[in-house]
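**Q** Could you have a look at this structure, given as structure tokens, before my questions?
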Protein chains: 2
Amino acid sequence: VLRVDPDRMRADFDALAAIGRTGAGGVSRPTFGDAHLAARAWFLERAAAAGLETRIDSAGNHSAVLRSTRADAATLVLGSHLDSVPDGGRFDGALGVVAALEALRTAKDARLGLPVGLEAIDFTDEEGTLVGLLGSEALAGALRLEALARPRGGRDALLAGLARAGLVEERIADARREPGSLAGYLELHIEQGPVLERERVDVGVVTGIVGSRSFRLEFIGVAQHAGTTPMGVRRDAGLGAAAFIIAARALALRDHPDCVVTVGSVTLEPGAFNVVPGRARLALEFRSPDAARLAALEGELLELAGHEAEAYGLDLEIVLVGRWEPAPLDPTVRAAIGRAAQELGLSTLELASGAGHDAQALAGVTRAGMIFVPSTGGVSHQPAEHTEWSDCVNGANVLLGAALELAR
Amino acid sequence: VLRVDPDRMRADFDALAAIGRTGAGGVSRPTFGDAHLAARAWFLERAAAAGLETRIDSAGNHSAVLRSTRADAATLVLGSHLDSVPDGGRFDGALGVVAALEALRTAKDARLGLPVGLEAIDFTDEEGTLVGLLGSEALAGALRLEALARPRGGRDALLAGLARAGLVEERIADARREPGSLAGYLELHIEQGPVLERERVDVGVVTGIVGSRSFRLEFIGVAQHAGTTPMGVRRDAGLGAAAFIIAARALALRDHPDCVVTVGSVTLEPGAFNVVPGRARLALEFRSPDAARLAALEGELLELAGHEAEAYGLDLEIVLVGRWEPAPLDPTVRAAIGRAAQELGLSTLELASGAGHDAQALAGVTRAGMIFVPSTGGVSHQPAEHTEWSDCVNGANVLLGAALELAR
């Protein structure tokens, strides 16, 4: 079994972690900031130093390419992203890019003469400082005009960022690849959750990336004097909100074991000790790996909100603010990942990804798969984010093994 | 039965409502603002025009005085306040002052030769823009140094306000009256709640002013990724908060029917759609007319919070932020109010005041009573605050009748 060079990969990982390093041992590389641009330049330099071709497409995706011996060969893409959330960790995204580069170097050194090309790619703006999945959706031809017109990070920041990176908005869509030119997509990533560590498993084979819905719910009652309004005649918006939070959790635990339901924010108005809340605004999010179940959960949760509003004499307003469909990952690729792990003597567990990844964009146009390695304590998007280095190397070897099987 | 002049009183009420009038038909007269100072000056002018003595004490309380024929006579004080909450209503406080002035004018015109003096007083800063009950507590000798050192409205605003009103902080305590110089206290006020209107009763005889406690509760869990953290392993601070809100209401309704419990504010941190809340901060307030019951309710509510924290795997921090004891009102005065209403053919209901009033300060040093008139829809502290004029006149006549009985 061909294996990556763990020391060479470690040197790369450490060099990268120094770019945008924060005091607490994490990194801060928001999209198109100085640290992010420096990390991308570093990546291309390392690729060129290894004798790989380099390219930058019109969405700013940075690639290292190991050409096939055949003209017109399709390309198997291995990738992740070098941008981070502000004040994030060293592993999220970076591990996948470093491992992809190392896999290409290992394959090149082995002079395998593969029938497809291999490409290690750093996708633009996965985390969504500006847009989210910007580079991978552009490559998959899935980027919506709406995402650029009303970006998460604001329109001004997007335009300024594109200018800093030397990109032209009108040309971003040109990054699209013909699906026929793609032989598949593989991504190594940290789990960002507690499951693999808890189950003491080496490698996660990702079955799919969950879909999610976000709603803003507003329970509307009457703001009244807390001293002079008896309990029995109040229309307290906070009560409807609280009852919904409890009931939504019970519903998920009882009927939807693979789903997560979260109320991450509650605001009561006017918000004083001595005033009965007239309005309660909730941020509701729920996720499922299964499209039908996600739709069912949506119906049940919104019905529940209506029920609790009625029970407390409140009105209810519902606004959809986000909708992403589940992205099942390819069975052939999952099988190849499983076999690669088995050949290395590593234990595996199939699990869904609760977080979004570039793989969900690629899954729409080519066979795609993801490899997870354990996150210590399930912690991510923080300086304390950590994965044992032996797990990182395991992940890179599984990436290499699965890629070579798919490439042959 | 002697009665007030409803037209003269109406002219005063309307003139006062024009001072600090807001677009929505309310008034905004926060303590020592231009409108408040203008209202106080207007009050003294009206008193002087009626041939009453006027005085301003060192806490800024403004008075109109009808002297007794006897030297060394005690004084029966009738009053309320001319300050308002920002963007408040026309009736809160103002009605009581206008009615007190009208009662003195009526008594003066009738040349009754009373054995006690009558004083119509406008207390400083009842609403607490700066301190709360500032003038009435100073007069009762109950103002704490702490209240001036750490005032609700901020120390800078207090000093600036005192300067605007020509008051000297060190002399505020000099406003204290010897209890023996007081023959009692009567206050007419709008109910600010829905009870009298709902029960179709003309006049409320206030049994006491509720005591209250305010606590800040903080439920502490762990902030985690909402996509990657399964429901079963979360320590979601929002769940503990929501369970407490529901359980606290159930406790009050089941075991403490005369009390009110309110969670007026909830803040979840970090407060995003996709992060499980790590912290939930609640503003908890509860009130009871009975001191023993208030203490019992405090114990039960804090135990309940601890129970819910434990049930959801959370830590709990509790901070006391406010404590006011209940102020029972004098039975003799209550009986005099009841008789005065009866003589006028008005229906009465005994009820506790859920809101704070200057009467609670006076109740500590003299026999004190309060008369409530109905608030349309129970609405207060808003421009829409309203009481039918006939109810205002009824209240003023009860105030006059009760005062004359107590004065004889």
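FYI, nothing fancy with the structure tokens labels: chains A, B, ... in order, residues from 1 per chain, ligands from 1 as they appear.
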Using only C-alpha atoms, I'd like a table of the residues in chain B that come within 6 Å of chain A; for each, show the closest atom pair and its distance in Å rounded to one decimal, ordered by chain and ascending number, as a Markdown table.

**A**
| residue | atom | partner | partner_atom | distance |
| --- | --- | --- | --- | --- |
| B:Gly193 | CA | A:Thr228 | CA | 4.7 |
| B:Gly227 | CA | A:Gly354 | CA | 4.2 |
| B:Thr228 | CA | A:Gly354 | CA | 4.5 |
| B:Thr229 | CA | A:Gly193 | CA | 5.7 |
| B:Met231 | CA | A:Val260 | CA | 5.9 |
| B:Ala242 | CA | A:Ala242 | CA | 4.3 |
| B:Val260 | CA | A:Met231 | CA | 5.9 |
| B:Gly264 | CA | A:Phe273 | CA | 4.9 |
| B:Ser265 | CA | A:Gly271 | CA | 4.4 |
| B:Leu268 | CA | A:Ser265 | CA | 5.5 |
| B:Gly271 | CA | A:Ser265 | CA | 4.4 |
| B:Ala272 | CA | A:Gly264 | CA | 5.2 |
| B:Phe273 | CA | A:Gly264 | CA | 4.9 |
| B:Val275 | CA | A:Gly264 | CA | 5.8 |
| B:Val276 | CA | A:Gly264 | CA | 5.6 |
| B:Pro277 | CA | A:Gly264 | CA | 5.6 |
| B:Ala283 | CA | A:Phe273 | CA | 5.4 |
| B:Glu285 | CA | A:Phe273 | CA | 6.0 |
| B:Gly354 | CA | A:Gly227 | CA | 4.2 |
| B:Ala355 | CA | A:Gly227 | CA | 5.1 |

**Q** Could you please take those selected residues and save N, CA, C and O atoms as a short mmCIF file (atom, residue, chain, number, x, y, z; two decimals), in the first residue's frame?

**A**
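For reference, selection-v4.cif as written:
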data_model
loop_
_atom_site.label_atom_id
_atom_site.label_comp_id
_atom_site.auth_asym_id
_atom_site.auth_seq_id
_atom_site.Cartn_x
_atom_site.Cartn_y
_atom_site.Cartn_z
N GLY B 193 -53.93 48.79 35.90
CA GLY B 193 -54.18 47.37 35.68
C GLY B 193 -55.63 47.20 35.27
O GLY B 193 -56.40 48.16 35.23
N GLY B 227 -24.73 21.90 14.18
CA GLY B 227 -24.85 20.85 13.18
C GLY B 227 -24.19 19.55 13.59
O GLY B 227 -24.65 18.47 13.23
N THR B 228 -23.10 19.65 14.32
CA THR B 228 -22.28 18.47 14.58
C THR B 228 -22.43 17.92 16.00
O THR B 228 -21.84 16.90 16.32
N THR B 229 -23.20 18.59 16.85
CA THR B 229 -23.37 18.13 18.23
C THR B 229 -24.73 17.47 18.39
O THR B 229 -25.76 18.16 18.35
N MET B 231 -28.19 15.93 19.71
CA MET B 231 -29.10 16.43 20.75
C MET B 231 -28.77 15.84 22.12
O MET B 231 -28.81 16.55 23.13
N ALA B 242 -35.75 27.95 29.32
CA ALA B 242 -37.14 27.76 28.86
C ALA B 242 -37.93 26.92 29.86
O ALA B 242 -39.08 27.24 30.18
N VAL B 260 -47.47 37.71 41.30
CA VAL B 260 -47.13 37.67 39.88
C VAL B 260 -45.65 37.32 39.75
O VAL B 260 -44.82 37.76 40.54
N GLY B 264 -38.93 38.85 32.16
CA GLY B 264 -39.12 39.93 31.20
C GLY B 264 -38.06 39.99 30.13
O GLY B 264 -38.23 40.64 29.10
N SER B 265 -36.93 39.31 30.37
CA SER B 265 -35.82 39.38 29.41
C SER B 265 -35.07 38.06 29.40
O SER B 265 -34.87 37.44 30.45
N LEU B 268 -29.58 34.77 25.04
CA LEU B 268 -28.80 33.55 24.81
C LEU B 268 -27.47 33.94 24.18
O LEU B 268 -27.42 34.79 23.30
N GLY B 271 -25.67 33.29 20.63
CA GLY B 271 -26.85 33.87 20.01
C GLY B 271 -26.89 33.80 18.50
O GLY B 271 -27.25 34.77 17.85
N ALA B 272 -26.51 32.64 17.94
CA ALA B 272 -26.54 32.46 16.49
C ALA B 272 -27.42 31.27 16.13
O ALA B 272 -27.65 30.39 16.96
N PHE B 273 -27.92 31.27 14.89
CA PHE B 273 -28.74 30.15 14.42
C PHE B 273 -28.03 28.81 14.62
O PHE B 273 -28.64 27.83 14.98
N VAL B 275 -25.34 27.83 16.56
CA VAL B 275 -24.56 27.52 17.75
C VAL B 275 -25.50 27.20 18.91
O VAL B 275 -26.42 27.98 19.22
N VAL B 276 -25.29 26.05 19.55
CA VAL B 276 -26.04 25.70 20.75
C VAL B 276 -25.72 26.73 21.84
O VAL B 276 -24.54 27.00 22.09
N PRO B 277 -26.74 27.33 22.47
CA PRO B 277 -26.47 28.39 23.46
C PRO B 277 -25.65 27.89 24.65
O PRO B 277 -26.01 26.91 25.29
N ALA B 283 -34.00 37.82 33.29
CA ALA B 283 -34.44 38.82 34.27
C ALA B 283 -35.72 38.30 34.91
O ALA B 283 -36.74 38.19 34.25
N GLU B 285 -38.56 38.64 37.98
CA GLU B 285 -39.15 39.52 38.98
C GLU B 285 -40.42 38.87 39.51
O GLU B 285 -41.15 38.23 38.76
N GLY B 354 -50.19 46.50 42.46
CA GLY B 354 -49.05 45.75 41.93
C GLY B 354 -47.90 46.65 41.55
O GLY B 354 -46.78 46.18 41.36
N ALA B 355 -48.16 47.93 41.44
CA ALA B 355 -47.11 48.89 41.09
C ALA B 355 -46.67 49.65 42.34
O ALA B 355 -47.39 49.70 43.33
#

**Q** Please provide the set of residues having any atom within 7 Å of Phe91 of chain A, restricted to only C-alpha atoms, with same-chain residues fewer than 2 positions apart removed, written as a ChimeraX atom specification.

**A** /A:89,93-95,190,386

**Q** Which of these, A:Ala38, A:Ala327, A:Cys392, A:Leu134, has the shortest distance to Ala359 of chain A once you count only C-alpha atoms?

**A**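 Answer, going by the shortest atom-to-atom distance: A:Ala327.
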
**Q** Among segment 349-400 of chain A, which ones does DSSP place in helix (DSSP H, G or I), written as a list in words?

**A**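 Residues of segment 349-400 of chain A classed as helix (DSSP H, G or I): Asp358, Ala359, Gln360, Ala361, Leu362, Thr376, Gly377, Gly378, Trp389, Ser390, Asp391, Cys392, Val393, Asn394, Gly395, Ala396, Asn397, Val398, Leu399 and Leu400 of chain A.
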
**Q** For C-alpha atoms, I'd like the residues from the last selection saved as a CSV table (one decimal), in the first residue's frame.

**A**
chain,number,residue,atom,x,y,z
A,358,ASP,CA,-17.4,22.0,-0.3
A,359,ALA,CA,-18.3,18.3,-1.0
A,360,GLN,CA,-22.0,19.1,-1.0
A,361,ALA,CA,-21.5,21.4,-4.0
A,362,LEU,CA,-19.4,18.8,-5.9
A,376,THR,CA,-10.7,16.1,20.2
A,377,GLY,CA,-13.7,16.9,22.4
A,378,GLY,CA,-15.8,17.6,19.3
A,389,TRP,CA,-1.4,14.0,14.2
A,390,SER,CA,-1.6,10.2,13.9
A,391,ASP,CA,-5.3,10.6,12.9
A,392,CYS,CA,-4.3,13.3,10.4
A,393,VAL,CA,-1.8,10.9,8.8
A,394,ASN,CA,-4.4,8.1,8.8
A,395,GLY,CA,-6.9,10.4,7.0
A,396,ALA,CA,-4.3,11.4,4.4
A,397,ASN,CA,-3.4,7.8,3.7
A,398,VAL,CA,-7.1,6.9,3.3
A,399,LEU,CA,-7.5,9.9,1.0
A,400,LEU,CA,-4.5,8.6,-1.1

**Q** Return the single residue from A:Ala341, A:Ala17, A:Ala140, A:Leu314 that is closest to Ile220 of chain A, with distances computed using only C-alpha atoms.

**A** A:Leu314

**Q** Using only C-alpha atoms, which residue out of B:Arg293, B:Arg105, B:Arg200, B:Arg281 lies closest to Ser347 of chain B?

**A**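 So, comparing all the options, the nearest one is B:Arg200.
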
**Q** Would you kindly return, as a list in words, each protein, DNA or RNA residue with an atom no farther than 12 Å from any atom of Ala15 of chain A, considering only C-alpha atoms and excluding same-chain residues fewer than 5 positions away?

**A**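 After dropping sequence-adjacent residues, the list is Arg8, Met9, Arg10, Gly20, Arg21, Val27, Ala38, Ala39, Trp42, Phe43, Arg46, Arg90, Ala94 and Val98 of chain A.
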
**Q** As number ranges by chain, which residues of segment 165-323 of chain B does DSSP assign to strand (DSSP E)?

**A** B: 182-190, 203-209, 211-220, 224-225, 260-269, 275-276, 279-288, 315-323

**Q** Could you jot down the atom CA of Ala24 of chain A to atom CA of Pro383 of chain A separation for me, Å, one decimal place?

**A**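 That distance, rounded to one decimal, is 5.8 Å.
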
**Q** Counting only C-alpha atoms, what is within 9 Å of Leu143 of chain A, bar same-chain residues fewer than 6 positions away, as a VMD selection string?

**A** chain A and resid 133 to 137 173
